[in-house]
$ cat data35.txt   # compact mmCIF, C-alpha atoms
# COMPACT_ATOMS: atom_id res chain seq x y z
CA MET A 499 -21.40 62.88 127.83
CA ASP A 500 -18.49 63.97 130.01
CA LEU A 501 -18.44 67.17 132.09
CA GLN A 502 -16.18 69.05 129.66
CA GLN A 503 -18.49 68.33 126.73
CA LEU A 504 -21.49 69.44 128.79
CA PHE A 505 -19.77 72.74 129.61
CA ALA A 506 -18.90 73.25 125.95
CA GLU A 507 -22.52 72.76 124.90
CA LEU A 508 -23.77 75.09 127.62
CA ALA A 509 -21.32 77.74 126.44
CA ASP A 510 -22.43 77.40 122.82
CA VAL A 511 -25.82 79.05 123.26
CA PRO A 512 -26.20 81.77 120.60
CA TRP A 513 -28.81 83.76 122.51
CA LEU A 514 -27.10 83.51 125.92
CA LEU A 515 -25.35 86.89 125.77
CA THR A 516 -28.48 88.61 124.47
CA VAL A 517 -30.56 87.15 127.31
CA LEU A 518 -27.98 88.17 129.92
CA ASP A 519 -27.83 91.69 128.50
CA LEU A 520 -31.61 92.06 128.30
CA VAL A 521 -32.18 90.83 131.85
CA GLY A 522 -29.38 93.11 133.06
CA VAL A 523 -30.95 96.03 131.18
CA PHE A 524 -34.29 95.24 132.83
CA PHE A 525 -32.86 95.23 136.36
CA PHE A 526 -30.87 98.42 135.86
CA ALA A 527 -33.88 100.07 134.20
CA VAL A 528 -36.03 99.27 137.25
CA SER A 529 -33.48 100.93 139.51
CA GLY A 530 -33.55 104.01 137.24
CA ALA A 531 -37.34 104.22 137.08
CA LEU A 532 -37.67 103.82 140.86
CA LEU A 533 -35.09 106.54 141.43
CA ALA A 534 -37.06 108.77 139.06
CA ALA A 535 -40.21 108.07 141.12
CA ARG A 536 -38.39 109.07 144.30
CA LYS A 537 -37.26 112.28 142.61
CA ASP A 538 -40.84 113.01 141.46
CA PHE A 539 -39.86 112.92 137.76
CA ASP A 540 -42.66 112.73 135.20
CA LEU A 541 -43.04 109.82 132.74
CA VAL A 542 -40.55 111.30 130.25
CA GLY A 543 -37.97 111.75 133.00
CA SER A 544 -38.61 108.20 134.20
CA VAL A 545 -38.05 106.76 130.72
CA ALA A 546 -34.89 108.83 130.29
CA LEU A 547 -33.42 107.68 133.61
CA ALA A 548 -34.40 104.05 132.93
CA LEU A 549 -32.72 104.22 129.50
CA LEU A 550 -29.54 105.70 130.98
CA ALA A 551 -29.40 103.10 133.75
CA GLY A 552 -30.29 100.16 131.52
CA LEU A 553 -28.27 100.95 128.40
CA GLY A 554 -25.45 103.15 129.67
CA GLY A 555 -23.20 100.33 130.86
CA GLY A 556 -23.58 98.22 127.72
CA ILE A 557 -22.95 101.16 125.41
CA THR A 558 -19.84 102.11 127.40
CA ARG A 559 -18.57 98.52 127.24
CA ASP A 560 -19.14 98.21 123.49
CA ILE A 561 -17.43 101.55 122.78
CA VAL A 562 -14.39 100.59 124.87
CA LEU A 563 -14.16 97.24 123.03
CA ASP A 564 -14.58 98.99 119.65
CA ARG A 565 -17.40 96.63 118.66
CA GLY A 566 -18.85 99.16 116.26
CA LEU A 567 -22.40 100.31 116.80
CA PRO A 568 -23.38 99.22 120.35
CA ALA A 569 -25.69 96.20 120.47
CA SER A 570 -28.41 98.19 122.24
CA LEU A 571 -28.55 100.60 119.28
CA GLN A 572 -28.51 97.86 116.63
CA ASP A 573 -31.47 95.94 118.01
CA PRO A 574 -34.61 97.88 119.06
CA ILE A 575 -35.52 95.10 121.51
CA TYR A 576 -33.07 96.65 123.99
CA LEU A 577 -35.34 99.69 124.23
CA ALA A 578 -38.30 97.58 125.37
CA PRO A 579 -37.26 96.89 129.01
CA PRO A 580 -36.66 100.55 130.00
CA VAL A 581 -39.90 101.75 128.39
CA LEU A 582 -41.93 98.86 129.86
CA VAL A 583 -40.41 99.33 133.31
CA SER A 584 -41.13 103.07 133.30
CA LEU A 585 -44.78 102.41 132.48
CA LEU A 586 -45.04 99.73 135.20
CA VAL A 587 -43.60 102.10 137.80
CA TYR A 588 -45.75 104.99 136.53
CA VAL A 589 -49.00 103.00 136.97
CA LYS A 590 -47.63 101.56 140.24
CA VAL A 591 -47.57 97.91 139.14
CA ILE A 592 -44.02 98.09 140.46
CA HIS A 593 -44.80 100.08 143.60
CA PRO A 594 -42.16 102.53 144.86
CA ASN A 595 -42.19 101.51 148.52
CA ARG A 596 -39.01 101.14 150.59
CA LEU A 597 -37.22 102.66 147.63
CA ASN A 598 -33.62 102.55 148.78
CA LEU A 599 -33.69 98.83 149.43
CA THR A 600 -35.64 98.06 146.25
CA ILE A 601 -33.36 100.21 144.09
CA THR A 602 -30.30 98.52 145.58
CA LEU A 603 -31.73 95.04 144.95
CA PHE A 604 -32.36 95.70 141.27
CA ASP A 605 -29.09 97.60 140.91
CA ALA A 606 -27.15 94.68 142.42
CA ALA A 607 -28.86 92.23 140.06
CA GLY A 608 -27.99 94.39 137.04
CA LEU A 609 -24.43 94.77 138.32
CA ALA A 610 -24.04 91.00 138.59
CA LEU A 611 -25.42 90.19 135.13
CA PHE A 612 -23.48 92.91 133.33
CA THR A 613 -20.28 91.75 135.05
CA VAL A 614 -20.68 88.23 133.65
CA SER A 615 -21.84 89.28 130.18
CA GLY A 616 -18.98 91.78 129.97
CA VAL A 617 -16.43 89.03 130.68
CA MET A 618 -18.03 86.75 128.10
CA ILE A 619 -17.90 89.41 125.39
CA ALA A 620 -14.40 90.70 126.15
CA HIS A 621 -12.95 87.17 126.53
CA ALA A 622 -14.47 86.08 123.21
CA MET A 623 -12.73 89.04 121.53
CA GLY A 624 -9.35 87.87 122.77
CA VAL A 625 -8.76 90.78 125.14
CA HIS A 626 -5.95 90.46 127.71
CA PRO A 627 -7.26 88.89 130.96
CA VAL A 628 -6.54 92.01 133.03
CA SER A 629 -8.30 94.16 130.44
CA VAL A 630 -11.25 91.76 130.48
CA VAL A 631 -11.73 92.45 134.19
CA VAL A 632 -11.44 96.22 133.64
CA VAL A 633 -13.87 96.26 130.72
CA ALA A 634 -16.43 94.06 132.49
CA THR A 635 -16.24 96.24 135.60
CA VAL A 636 -16.64 99.46 133.61
CA GLY A 637 -19.62 98.01 131.75
CA ALA A 638 -21.23 96.85 135.00
CA LEU A 639 -20.78 100.23 136.70
CA GLY A 640 -21.50 102.56 133.76
CA GLY A 641 -25.30 102.55 133.84
CA GLY A 642 -25.52 103.12 137.58
CA VAL A 643 -23.03 105.98 137.48
CA LEU A 644 -24.92 107.76 134.66
CA ARG A 645 -28.22 107.21 136.47
CA ASP A 646 -26.97 108.72 139.73
CA ILE A 647 -25.21 111.69 138.10
CA VAL A 648 -28.27 112.70 136.07
CA ALA A 649 -30.52 112.31 139.16
CA ASN A 650 -28.09 114.47 141.20
CA GLU A 651 -27.22 111.60 143.54
CA VAL A 652 -23.82 110.63 144.91
CA PRO A 653 -22.80 107.73 142.59
CA SER A 654 -22.82 104.43 144.42
CA ILE A 655 -19.15 103.85 143.60
CA PHE A 656 -18.28 106.83 145.84
CA ASP A 657 -20.63 105.93 148.68
CA PRO A 658 -18.74 104.31 151.58
CA ARG A 659 -21.93 102.74 152.96
CA GLY A 660 -21.34 99.27 151.51
CA VAL A 661 -18.69 98.36 148.94
CA TYR A 662 -19.94 98.58 145.35
CA VAL A 663 -17.01 98.26 142.96
CA MET A 664 -15.25 95.31 144.62
CA PRO A 665 -18.06 92.75 144.04
CA ALA A 666 -17.91 93.53 140.32
CA VAL A 667 -14.09 93.31 140.25
CA VAL A 668 -14.06 90.02 142.17
CA GLY A 669 -16.86 88.61 140.02
CA ALA A 670 -15.16 89.66 136.79
CA ALA A 671 -11.85 88.13 137.93
CA ALA A 672 -13.58 84.88 138.89
CA ALA A 673 -15.45 84.74 135.57
CA GLU A 674 -12.25 85.34 133.60
CA LEU A 675 -10.43 82.58 135.49
CA VAL A 676 -13.29 80.20 134.68
CA ALA A 677 -13.30 81.39 131.05
CA GLN A 678 -9.56 80.70 130.78
CA ARG A 679 -10.37 77.06 131.54
CA GLY A 680 -13.16 76.97 128.97
CA ALA A 681 -15.85 76.51 131.59
CA LEU A 682 -17.69 79.87 131.45
CA ASN A 683 -21.24 79.07 130.38
CA ALA A 684 -24.85 79.59 131.39
CA PHE A 685 -24.51 77.53 134.56
CA THR A 686 -21.17 78.84 135.86
CA GLY A 687 -22.09 82.37 134.74
CA PHE A 688 -25.26 82.21 136.82
CA LEU A 689 -23.29 81.05 139.86
CA ILE A 690 -20.78 83.90 139.48
CA ALA A 691 -23.60 86.44 139.01
CA LEU A 692 -25.25 85.08 142.14
CA LEU A 693 -21.94 85.52 143.99
CA VAL A 694 -21.64 89.17 142.87
CA PHE A 695 -25.26 89.86 143.85
CA THR A 696 -24.88 88.22 147.26
CA VAL A 697 -21.65 90.03 148.13
CA ARG A 698 -23.12 93.38 147.08
CA MET A 699 -26.27 92.93 149.17
CA LEU A 700 -24.34 91.68 152.21
CA ALA A 701 -22.03 94.70 151.90
CA TYR A 702 -25.06 97.00 151.76
CA ARG A 703 -26.83 95.24 154.63
CA TYR A 704 -23.88 95.19 157.01
CA GLN A 705 -22.23 98.40 155.80
CA TRP A 706 -18.95 96.81 154.83
CA ARG A 707 -16.42 99.39 153.72
CA LEU A 708 -12.81 99.43 152.61
CA PRO A 709 -10.05 100.59 154.99
CA GLY A 710 -9.85 104.35 155.22
CA ALA A 711 -13.47 104.96 154.24
CA ASP A 712 -15.47 107.05 156.69
CA VAL A 713 -19.21 107.34 157.15
CA SER A 714 -20.35 110.92 157.61
CA GLN A 715 -23.71 109.97 159.13
CA ASP A 716 -24.07 107.81 162.22
CA LYS A 717 -27.34 106.42 163.49
CA ASP A 718 -27.74 108.92 166.33
CA ARG A 719 -27.49 111.90 163.96
CA LEU A 720 -29.92 110.35 161.51
CA ASP A 721 -32.40 109.57 164.28
CA ARG A 722 -32.23 113.20 165.39
CA LEU A 723 -32.75 114.55 161.85
CA ARG A 724 -35.64 112.18 161.20
CA ARG A 725 -37.30 113.06 164.52
CA LEU A 726 -37.05 116.80 163.82
CA ALA A 727 -38.29 116.40 160.24
CA GLU A 728 -41.27 114.30 161.38
CA GLN A 729 -42.16 116.82 164.07
CA ALA A 730 -41.90 119.72 161.65
CA GLN A 731 -44.01 117.85 159.09
CA LYS A 732 -46.78 117.16 161.60
CA ALA A 733 -46.67 120.79 162.75
CA ALA A 734 -46.94 121.92 159.12
CA VAL A 735 -50.04 119.77 158.62
CA ARG A 736 -51.65 121.25 161.75
CA ARG A 737 -50.82 124.82 160.72
CA ALA A 738 -52.18 124.22 157.22
CA ALA A 739 -55.43 122.88 158.69
CA ARG A 740 -55.76 125.95 160.89
CA ALA A 741 -54.97 128.17 157.91
CA ARG A 742 -57.83 126.63 155.92
CA GLU A 743 -60.19 127.26 158.81
CA ARG A 744 -59.12 130.91 159.22
CA GLY A 745 -58.93 131.78 155.54
CA PRO A 746 -56.18 132.47 152.96
CA ARG A 747 -54.49 135.20 155.03
CA ALA A 748 -53.41 132.63 157.61
CA ALA A 749 -51.53 130.49 155.10
CA PHE A 750 -48.54 128.45 156.24
CA GLY A 751 -45.21 130.23 155.88
CA PRO A 752 -42.50 127.93 154.49
CA ALA A 753 -39.62 129.81 156.17
CA GLU A 754 -41.10 129.45 159.65
CA GLU A 755 -38.71 128.35 162.40
CA TYR A 756 -39.53 125.15 164.25
CA GLU A 757 -38.55 125.01 167.94
CA GLY A 758 -35.37 126.93 167.17
CA GLN A 759 -33.76 123.74 165.79
CA VAL A 760 -34.67 123.46 162.12
CA ARG A 761 -35.99 125.93 159.58
CA VAL A 762 -38.81 124.84 157.29
CA GLU A 763 -37.83 125.59 153.70
CA ASP A 764 -40.71 123.98 151.84
CA TRP A 765 -43.81 121.89 152.43
CA ASP A 766 -45.92 120.21 149.73
CA PRO A 767 -49.57 119.95 150.86
CA ASP A 768 -50.28 117.32 148.17
CA THR A 769 -47.53 114.81 149.02
CA GLN A 770 -47.04 116.07 152.61
CA ALA A 771 -43.27 116.07 151.92
CA ILE A 772 -41.30 118.70 153.84
CA THR A 773 -37.83 120.22 153.52
CA VAL A 774 -36.10 121.47 156.66
CA VAL A 775 -32.65 122.95 157.24
CA ASP A 776 -30.62 122.13 160.33
CA GLU A 777 -28.32 125.12 160.75
CA ALA A 778 -26.31 123.39 163.49
CA THR A 779 -25.01 120.72 161.10
CA ARG A 780 -25.54 122.64 157.82
CA GLN A 781 -27.76 119.91 156.43
CA SER A 782 -30.98 120.02 154.45
CA VAL A 783 -33.48 117.20 154.95
CA ARG A 784 -36.26 116.30 152.51
CA TYR A 785 -38.67 113.97 154.31
CA HIS A 786 -41.37 111.95 152.51
CA PRO A 787 -43.88 110.65 155.07
CA GLU A 788 -45.61 108.29 152.61
CA THR A 789 -42.47 106.26 151.90
CA GLY A 790 -40.33 107.10 154.93
CA ILE A 791 -37.55 108.25 152.58
CA MET A 792 -35.26 110.93 154.01
CA ASP A 793 -32.89 112.72 151.59
CA VAL A 794 -30.07 114.39 153.51
CA THR A 795 -28.01 117.03 151.68
CA ASP A 796 -24.78 118.44 153.10
CA LEU A 797 -25.07 122.15 152.28
CA ARG A 798 -21.28 122.53 152.40
CA THR A 799 -20.52 119.91 149.76
CA GLY A 800 -23.86 119.53 147.97
CA ARG A 801 -23.77 115.75 148.44
CA THR A 802 -27.11 114.01 148.93
CA ARG A 803 -27.70 110.62 150.53
CA SER A 804 -31.03 108.92 150.98
CA TYR A 805 -32.27 106.72 153.80
CA ASP A 806 -35.32 104.48 154.12
CA ASP A 807 -37.59 104.17 157.14
CA PRO A 808 -35.80 103.61 160.49
CA ASP A 809 -36.04 99.81 160.31
CA ASP A 810 -34.34 99.77 156.91
CA ASP A 811 -31.83 102.63 157.06
CA TRP A 812 -28.96 100.16 157.37
CA VAL A 813 -26.56 102.81 158.58
CA VAL A 814 -23.70 102.46 161.01
CA ASP A 815 -24.76 102.29 164.66
CA THR A 816 -22.20 103.92 166.91
CA GLY A 817 -23.06 101.47 169.68
CA SER A 818 -23.27 104.31 172.18
CA ALA A 819 -25.59 104.23 175.16
CA GLU A 820 -27.44 107.24 173.73
CA GLY A 821 -27.96 105.35 170.45
CA ALA A 822 -29.34 102.35 172.28
CA ASP A 823 -31.69 104.58 174.29
CA ALA A 824 -32.85 106.25 171.06
CA ASP A 825 -33.54 102.84 169.51
CA ARG A 826 -35.61 101.84 172.53
CA ASP A 827 -37.53 105.12 172.38
CA ASP A 828 -38.25 104.55 168.66
CA ALA A 829 -39.45 101.03 169.40
CA GLY A 830 -41.75 102.41 172.11
CA ARG A 831 -43.29 104.81 169.61
$ encode --input "data35.txt" --output "C-alpha cells"
Amino acid sequence: MDLQQLFAELADVPWLLTVLDLVGVFFFAVSGALLAARKDFDLVGSVALALLAGLGGGITRDIVLDRGLPASLQDPIYLAPPVLVSLLVYVKVIHPNRLNLTITLFDAAGLALFTVSGVMIAHAMGVHPVSVVVVATVGALGGGVLRDIVANEVPSIFDPRGVYVMPAVVGAAAAELVAQRGALNAFTGFLIALLVFTVRMLAYRYQWRLPGADVSQDKDRLDRLRRLAEQAQKAAVRRAARARERGPRAAFGPAEEYEGQVRVEDWDPDTQAITVVDEATRQSVRYHPETGIMDVTDLRTGRTRSYDDPDDDWVVDTGSAEGADADRDDAGR
C-alpha cells in the first residue's frame, strides 16, 4: 500500500467528523462549566454555559454553510458532553483550581479540533478555499465568544494577552492546503490540531500579541492590587471574628475604608471572597482566596479580566527594578 492510498483510507472514516466534533464539544464544554464555577453559577447556569460553549461554534458553522438543521440538534448525543461535564464540575470530579490556566487549556483544545473539523466539512461541500478558512475560523471561535459574552467576560478574541484568532486562521489555512492535495485525514488533522493548540498555549504563556495591541495591566499594578485585596480580605476576616465575639451590633461594614487605599464593597463570609474598589485607578477587584483568582474590572469601561495566583498570572512584566523587587518580596513571603 503506497502513501497516497493510506491517506485516502484514513480520510474515508465515516465517524471521523462526528468524533472530532464530539471531542471538541467536550473540551469547549469544560471551559464553559469551569467559567460558570468561577462565576458561582448554579448547576442550571453551568449546564447553560457549557451548552453555549460546546455547541455554539458548531451551530454557527452549520448555519453559515446552510447544512440544514445543525448536526448538534439532529443527534441528541451532542448534548451528552455539556451535561456530563457540568455534573463532573459540580461534584468537583473536575476540580476548579487554577481556573484561568485550566479554562485556557480546554478552550485551546476545542479551538484546535473545531478548526480542523470545520475545514473538513466546508471543503467536502466544495466551498471556495478562502471561504473554507473563514467558515472554519468562525466555527472555532463561535462557542468561546458566546460563552464569554453570556458570562460577562471580555471575549478572548478581543483580549491582547496572547493571540487567539491567528492560531485558528493559520491552522485552517494549513488544513485547507493539505485538503487541496487530498491528504487531510485523521493523522494529518491531528497534527494540524496539535499545531493550533501549541501555538495558542505558547501565545498565552508568553503573552504574544499582534503589533499595535496594548496591555492595560502590567505586573507591578497587578501585584499592588493583589496585595491590597489580600490585606483587605485578611482584615475583613479579623473584623468578622471580632464582630462575632462582641455580638450582632459589631457586624462588619462592607463599605469600610481600608488604609485609605481601597474601599471594601463586599465580603462573603462563606467563600471569604472580597470585592474592593481602588479609587486611584478606578478599578474594582474581586479576590477569591481559595483559588487565587482575581477578577479586575475597569469601572470606566466595564471590562473584566481575570488572573490566577501570582505564579500563574502570565502577564507582561515591565522589567523595571521596582517589579523585580516586588517579585523578590513575593518570593520571600
$ closest_residue --input "data35.txt" --among "A:Asp721, A:Trp706, A:Ser615, A:Asn598" --to "A:Thr686" --atoms "all atoms listed in the file"
A:Ser615
$ residues_near_point --input "data35.txt" --point "(-2.6, 88.8, 134.7)" --cutoff "12 Å" --atoms "only C-alpha atoms" --output "VMD selection string"
chain A and resid 625 to 632 671 674 to 675 678
$ atom_distance --input "data35.txt" --atom1 "atom CA of A:Val633" --atom2 "atom CA of A:Ala677"
14.9 Å
$ closest_atom_pairs --input "data35.txt" --of "stretch 591-708 of chain A" --to "stretch 551-566 of chain A" --cutoff "8 Å" --atoms "all atoms listed in the file" --output "CSV"
residue,atom,partner,partner_atom,distance
A:Phe612,CA,A:Gly556,CA,7.7
A:Gly616,CA,A:Arg559,CA,7.3
A:Ala620,CA,A:Leu563,CA,7.3
A:Val633,CA,A:Arg559,CA,6.3
A:Ala634,CA,A:Arg559,CA,7.2
A:Val636,CA,A:Arg559,CA,6.7
A:Gly637,CA,A:Gly555,CA,4.4
A:Ala638,CA,A:Gly555,CA,5.8
A:Leu639,CA,A:Gly555,CA,6.3
A:Gly640,CA,A:Gly555,CA,4.0
A:Gly641,CA,A:Ala551,CA,4.1
A:Gly642,CA,A:Ala551,CA,5.5
A:Val643,CA,A:Ala551,CA,7.9
A:Leu644,CA,A:Ala551,CA,6.5
A:Arg645,CA,A:Ala551,CA,5.1
$ residues_near_point --input "data35.txt" --point "(-31.3, 96.1, 122.6)" --cutoff "12 Å" --atoms "all atoms listed in the file" --output "ChimeraX atom specification"
/A:515-524,549,552-554,556-557,567-581
$ closest_residue --input "data35.txt" --among "A:Ser584, A:Thr613, A:Thr789, A:Thr602" --to "A:Leu547" --atoms "all atoms listed in the file"
A:Ser584
$ atom_distance --input "data35.txt" --atom1 "atom CA of A:Pro787" --atom2 "atom CA of A:Lys590"
17.8 Å
$ closest_residue --input "data35.txt" --among "A:Ala778, A:Ala607, A:Ala741, A:Ala734" --to "A:Ser529" --atoms "all atoms listed in the file"
A:Ala607
$ residues_around --input "data35.txt" --residues "stretch 797-800 of chain A" --least-positions-apart "3" --cutoff "8 Å" --atoms "only C-alpha atoms" --output "short mmCIF file (atom, residue, chain, number, x, y, z; two decimals) with C-alpha atoms, keeping the file's coordinate frame"
data_model
loop_
_atom_site.label_atom_id
_atom_site.label_comp_id
_atom_site.auth_asym_id
_atom_site.auth_seq_id
_atom_site.Cartn_x
_atom_site.Cartn_y
_atom_site.Cartn_z
CA ARG A 780 -25.54 122.64 157.82
CA GLN A 781 -27.76 119.91 156.43
CA SER A 782 -30.98 120.02 154.45
#
$ atom_distance --input "data35.txt" --atom1 "atom CA of A:Ile772" --atom2 "atom CA of A:Ala727"
7.4 Å
$ closest_residue --input "data35.txt" --among "A:Ala535, A:Ala666, A:Val783, A:Leu611" --to "A:Arg803" --atoms "only C-alpha atoms"
A:Val783
$ closest_residue --input "data35.txt" --among "A:Arg536, A:Gln729, A:Gly680, A:Val694" --to "A:Thr769" --atoms "all atoms listed in the file"
A:Arg536
$ closest_residue --input "data35.txt" --among "A:Pro653, A:Gln705, A:Ala606, A:Tyr662" --to "A:Ala691" --atoms "all atoms listed in the file"
A:Ala606
